$ cat my_file-v2.cif   # mmCIF, C-alpha atoms
data_my_file
#
loop_
_atom_site.label_atom_id
_atom_site.label_comp_id
_atom_site.auth_asym_id
_atom_site.auth_seq_id
_atom_site.Cartn_x
_atom_site.Cartn_y
_atom_site.Cartn_z
CA ILE T 1 45.64 -9.81 147.36
CA VAL T 2 48.38 -10.35 144.78
CA GLY T 3 51.08 -12.64 146.19
CA GLU T 4 48.87 -14.11 148.91
CA SER T 5 46.79 -17.30 148.84
CA VAL T 6 43.16 -18.39 148.78
CA THR T 7 41.55 -21.62 150.00
CA PHE T 8 38.53 -23.26 148.42
CA PRO T 9 36.78 -25.73 150.72
CA SER T 10 35.28 -28.96 149.41
CA VAL T 11 31.88 -30.14 150.55
CA GLN T 12 33.09 -33.72 150.93
CA VAL T 13 36.33 -35.62 150.46
CA SER T 14 35.86 -38.29 147.80
CA GLN T 15 37.88 -40.31 145.29
CA ILE T 16 37.64 -37.64 142.60
CA ILE T 17 37.58 -33.89 143.27
CA ASP T 18 38.02 -31.19 140.63
CA LEU T 19 38.85 -27.50 140.87
CA LYS T 20 37.47 -25.79 137.80
CA GLN T 21 37.63 -22.19 136.58
CA GLY T 22 35.15 -20.31 134.41
CA ASP T 23 31.44 -20.28 133.81
CA SER T 24 29.41 -23.14 132.35
CA ALA T 25 30.24 -22.04 128.78
CA SER T 26 34.02 -21.98 129.29
CA LEU T 27 34.73 -24.30 132.21
CA ARG T 28 38.30 -25.65 132.44
CA THR T 29 39.88 -27.96 134.98
CA VAL T 30 42.55 -26.21 137.06
CA ALA T 31 43.48 -29.34 139.03
CA GLU T 32 42.02 -32.77 139.65
CA VAL T 33 42.44 -35.12 142.61
CA ILE T 34 42.14 -38.84 141.92
CA ASN T 35 42.51 -41.32 144.80
CA GLY T 36 44.16 -38.70 147.02
CA THR T 37 46.74 -37.48 144.47
CA ILE T 38 46.56 -34.13 142.71
CA THR T 39 46.92 -34.47 138.93
CA ASN T 40 46.19 -32.61 135.70
CA THR T 41 47.25 -29.19 137.02
CA GLN T 42 47.02 -26.47 134.37
CA PRO T 43 50.45 -24.99 133.44
CA ASP T 44 49.60 -21.48 134.69
CA PHE T 45 48.75 -23.00 138.12
CA LYS T 46 51.70 -25.42 138.25
CA ASP T 47 53.44 -25.34 141.66
CA ARG T 48 50.77 -22.93 142.97
CA VAL T 49 47.81 -25.30 143.54
CA THR T 50 47.77 -27.73 146.44
CA TRP T 51 45.14 -30.03 147.91
CA ASP T 52 44.87 -31.08 151.55
CA ASN T 53 43.74 -34.71 151.80
CA GLN T 54 42.52 -34.22 155.40
CA SER T 55 40.22 -31.27 154.80
CA GLY T 56 39.64 -31.64 151.05
CA PHE T 57 40.56 -27.97 150.58
CA PHE T 58 42.26 -26.66 147.44
CA GLN T 59 44.66 -23.75 147.85
CA ILE T 60 46.10 -21.41 145.23
CA ARG T 61 49.30 -19.64 146.35
CA ASP T 62 51.10 -16.62 144.91
CA LEU T 63 47.88 -15.12 143.55
CA ARG T 64 47.92 -13.02 140.38
CA THR T 65 45.26 -10.60 139.15
CA SER T 66 44.77 -12.97 136.18
CA ASP T 67 43.55 -15.62 138.67
CA SER T 68 40.35 -13.60 139.18
CA GLY T 69 37.21 -15.43 138.11
CA VAL T 70 34.65 -18.06 139.00
CA TYR T 71 35.90 -21.31 140.55
CA THR T 72 33.95 -24.50 141.19
CA VAL T 73 34.95 -27.34 143.49
CA GLN T 74 33.29 -30.56 142.34
CA SER T 75 33.26 -33.76 144.35
CA LEU T 76 32.38 -36.81 142.28
CA GLY T 77 31.91 -39.30 145.10
CA THR T 78 28.76 -41.27 145.91
CA GLN T 79 26.91 -37.98 145.63
CA LYS T 80 28.00 -35.34 143.13
CA THR T 81 28.36 -31.98 144.89
CA SER T 82 29.71 -28.66 143.74
CA THR T 83 30.39 -25.30 145.32
CA THR T 84 31.04 -22.13 143.32
CA PHE T 85 33.27 -19.22 144.39
CA ASN T 86 33.83 -15.82 142.78
CA LEU T 87 37.45 -14.72 143.27
CA THR T 88 38.69 -11.19 142.64
CA VAL T 89 42.42 -10.62 143.15
CA PHE T 90 43.58 -7.05 143.86
CA ASN T 91 46.96 -5.36 144.00
CA ARG T 92 47.58 -3.32 147.13
CA VAL T 93 47.05 0.36 146.38
CA SER T 94 50.22 2.46 146.10
CA ARG T 95 50.90 5.46 148.31
CA PRO T 96 49.55 8.70 146.79
CA GLN T 97 51.94 11.57 146.02
CA VAL T 98 51.02 15.18 146.85
CA SER T 99 52.58 18.15 145.12
CA ARG T 100 52.00 21.86 145.58
CA VAL T 101 51.00 23.52 142.31
CA SER T 102 50.85 27.08 143.60
CA GLN T 103 50.43 29.14 146.75
CA VAL T 104 48.91 32.60 146.98
CA SER T 105 48.47 34.22 150.37
CA ASP T 106 46.41 31.82 152.55
CA SER T 107 45.28 29.52 149.75
CA CYS T 108 47.20 26.71 148.15
CA SER T 109 46.65 24.57 145.06
CA LEU T 110 47.56 20.92 145.61
CA LEU T 111 47.60 17.93 143.28
CA CYS T 112 47.40 14.35 144.47
CA SER T 113 48.25 11.43 142.18
CA VAL T 114 48.44 7.64 142.44
CA SER T 115 48.87 4.67 140.14
CA ASN T 116 45.49 3.42 139.01
CA GLY T 117 44.28 -0.14 139.51
CA ARG T 118 41.15 -2.23 139.84
CA GLU T 119 38.55 -0.28 141.89
CA VAL T 120 41.04 2.37 143.09
CA THR T 121 39.52 5.59 144.44
CA LEU T 122 41.48 8.75 145.21
CA SER T 123 40.04 11.32 147.62
CA TRP T 124 40.91 14.49 149.49
CA GLN T 125 39.88 14.56 153.15
CA ARG T 126 39.84 17.32 155.75
CA GLU T 127 39.60 16.23 159.38
CA GLY T 128 38.04 12.88 158.36
CA GLU T 129 35.46 14.40 156.00
CA THR T 130 35.73 13.53 152.31
CA LEU T 131 35.82 16.70 150.22
CA THR T 132 36.15 15.19 146.75
CA ASN T 133 37.03 11.89 145.12
CA THR T 134 37.72 10.32 141.74
CA SER T 135 38.20 6.98 140.05
CA ASN T 136 38.78 5.91 136.45
CA PRO T 137 38.08 2.55 134.77
CA ASP T 138 41.04 3.12 132.39
CA LEU T 139 43.73 1.32 134.41
CA ASN T 140 46.50 2.72 132.17
CA THR T 141 45.79 6.29 133.30
CA PRO T 142 47.14 7.47 136.70
CA LEU T 143 44.54 9.05 138.96
CA THR T 144 44.99 12.73 139.78
CA LEU T 145 42.88 14.99 141.96
CA PRO T 146 43.39 18.75 142.47
CA LEU T 147 42.46 20.69 145.61
CA GLU T 148 42.21 24.39 146.40
CA THR T 149 42.66 24.85 150.15
CA GLU T 150 40.64 27.33 152.19
CA GLY T 151 43.40 28.89 154.25
CA LEU T 152 46.11 27.32 156.34
CA SER T 153 44.09 26.39 159.44
CA HIS T 154 43.07 22.88 158.32
CA SER T 155 44.92 19.64 157.78
CA TYR T 156 44.29 17.85 154.48
CA SER T 157 44.96 14.23 153.54
CA CYS T 158 45.00 12.51 150.20
CA VAL T 159 43.73 8.92 150.46
CA ALA T 160 44.01 6.15 147.87
CA SER T 161 41.96 3.02 148.51
CA ASN T 162 40.61 -0.15 146.98
CA PRO T 163 38.68 -3.06 148.56
CA VAL T 164 41.85 -4.56 150.14
CA SER T 165 44.04 -1.61 151.15
CA THR T 166 44.25 2.10 151.94
CA GLU T 167 47.21 4.47 151.77
CA THR T 168 47.27 8.11 152.97
#
$ encode --input "my_file-v2.cif" --output "structure tokens"
Amino acid sequence: IVGESVTFPSVQVSQIIDLKQGDSASLRTVAEVINGTITNTQPDFKDRVTWDNQSGFFQIRDLRTSDSGVYTVQSLGTQKTSTTFNLTVFNRVSRPQVSRVSQVSDSCSLLCSVSNGREVTLSWQREGETLTNTSNPDLNTPLTLPLETEGLSHSYSCVASNPVSTET
């Protein structure tokens, strides 16, 4: 989640341990530990990457969505080991806004909207049952979802969610 932290464990603590980002074609060193001291930290990770010399764990604080990607922890001790992690950083979903478009007799037209983001889904629910939902890969476009109610005897909720949060 944006603003939080993630920890990458190391298989073994050795004299040289690297935290790298990217796939094999575009691998770059994020930080390197030599003889127990963290060095060579990339500028965009400066003051956000730490290494614990007891556990051998790297930590990235104050996560940004741009930190998403593949990370590899390499230990270059007596045996070379590496562990790969796939990190996806999400913003928390914002609270959806509901507006009444029109009302005629016992029916009502509602519109729910929310700021879009990575893997955000917007849905209308009635008594826990999902009636309709939408998502859009164009992150620059807000999500909107209309609803025509079936009388005034039911309670409806608009729910915005992504893999890390839900707002109703």
$ residues_around --input "my_file-v2.cif" --residues "Arg48 of chain T" --least-positions-apart "6" --cutoff "8 Å" --atoms "all atoms listed in the file" --output "list in words"
Gln59, Ile60, Arg61 and Asp62 of chain T
$ closest_residue --input "my_file-v2.cif" --among "T:Val104, T:Cys112, T:Leu87, T:Val73" --to "Gly151 of chain T" --atoms "only C-alpha atoms"
T:Val104
$ closest_residue --input "my_file-v2.cif" --among "T:Glu148, T:Asp47, T:Asp52, T:Glu167" --to "Val114 of chain T" --atoms "only C-alpha atoms"
T:Glu167
$ axis_aligned_box --input "my_file-v2.cif" --around "segment 152-166 of chain T" --padding-each-side "4 Å" --output "AutoDock Vina command-line options"
--center_x 42.4 --center_y 11.4 --center_z 153.2 --size_x 15.4 --size_y 39.9 --size_z 20.5
$ resolve_selection --input "my_file-v2.cif" --expression "the PyMOL selection byres ((chain T and resi 82) around 10)" --output "PyMOL selection string"
chain T and resi 10-12+17-19+72-76+79-81+83-84
$ resolve_selection --input "my_file-v2.cif" --expression "the PyMOL selection byres ((chain T and resi 127) around 8)" --output "ChimeraX atom specification"
/T:125-126,128-129,154-156
$ atom_distance --input "my_file-v2.cif" --atom1 "atom CA of Pro9 of chain T" --atom2 "atom CA of Ser68 of chain T"
17.1 Å
$ residues_around --input "my_file-v2.cif" --residues "Thr149 of chain T" --least-positions-apart "2" --cutoff "12 Å" --atoms "all atoms listed in the file" --output "VMD selection string"
chain T and resid 100 to 111 124 to 126 131 146 to 147 151 to 157
$ closest_residue --input "my_file-v2.cif" --among "T:Asn136, T:Thr29, T:Asn116, T:Asn35" --to "Ile16 of chain T" --atoms "only C-alpha atoms"
T:Asn35
$ closest_residue --input "my_file-v2.cif" --among "T:Thr166, T:Ser94, T:Thr7, T:Thr50" --to "Tyr71 of chain T" --atoms "all atoms listed in the file"
T:Thr7
$ closest_residue --input "my_file-v2.cif" --among "T:Phe45, T:Asn140, T:Val93, T:Thr130" --to "Ala160 of chain T" --atoms "all atoms listed in the file"
T:Val93
$ build_atoms --input "my_file-v2.cif" --residues "segment 65-77 of chain T" --atoms "N, CA, C and O atoms" --output "CSV table (one decimal), keeping the file's coordinate frame"
chain,number,residue,atom,x,y,z
T,65,THR,N,46.6,-11.2,139.5
T,65,THR,CA,45.3,-10.6,139.2
T,65,THR,C,44.6,-11.4,138.1
T,65,THR,O,43.3,-11.5,138.0
T,66,SER,N,45.4,-12.1,137.2
T,66,SER,CA,44.8,-13.0,136.2
T,66,SER,C,44.1,-14.2,136.7
T,66,SER,O,43.3,-14.9,136.0
T,67,ASP,N,44.3,-14.5,138.0
T,67,ASP,CA,43.6,-15.6,138.7
T,67,ASP,C,42.1,-15.3,139.0
T,67,ASP,O,41.3,-16.2,139.4
T,68,SER,N,41.7,-14.0,138.9
T,68,SER,CA,40.4,-13.6,139.2
T,68,SER,C,39.4,-14.4,138.3
T,68,SER,O,39.6,-14.6,137.1
T,69,GLY,N,38.2,-14.7,138.9
T,69,GLY,CA,37.2,-15.4,138.1
T,69,GLY,C,36.4,-16.3,139.0
T,69,GLY,O,36.5,-16.3,140.2
T,70,VAL,N,35.5,-17.1,138.3
T,70,VAL,CA,34.6,-18.1,139.0
T,70,VAL,C,35.3,-19.4,139.1
T,70,VAL,O,35.9,-19.9,138.1
T,71,TYR,N,35.3,-20.0,140.3
T,71,TYR,CA,35.9,-21.3,140.6
T,71,TYR,C,34.8,-22.2,141.1
T,71,TYR,O,33.9,-21.8,141.9
T,72,THR,N,34.9,-23.5,140.7
T,72,THR,CA,34.0,-24.5,141.2
T,72,THR,C,34.7,-25.7,141.7
T,72,THR,O,35.6,-26.2,141.0
T,73,VAL,N,34.4,-26.1,142.9
T,73,VAL,CA,35.0,-27.3,143.5
T,73,VAL,C,33.9,-28.4,143.3
T,73,VAL,O,32.8,-28.3,143.8
T,74,GLN,N,34.2,-29.5,142.6
T,74,GLN,CA,33.3,-30.6,142.3
T,74,GLN,C,33.8,-31.8,143.0
T,74,GLN,O,35.0,-32.2,142.8
T,75,SER,N,32.9,-32.5,143.7
T,75,SER,CA,33.3,-33.8,144.4
T,75,SER,C,32.4,-34.8,143.6
T,75,SER,O,31.2,-34.7,143.6
T,76,LEU,N,33.1,-35.8,143.1
T,76,LEU,CA,32.4,-36.8,142.3
T,76,LEU,C,32.3,-38.1,143.0
T,76,LEU,O,32.6,-39.2,142.4
T,77,GLY,N,32.0,-38.1,144.3
T,77,GLY,CA,31.9,-39.3,145.1
T,77,GLY,C,30.6,-40.0,144.9
T,77,GLY,O,30.0,-39.9,143.8
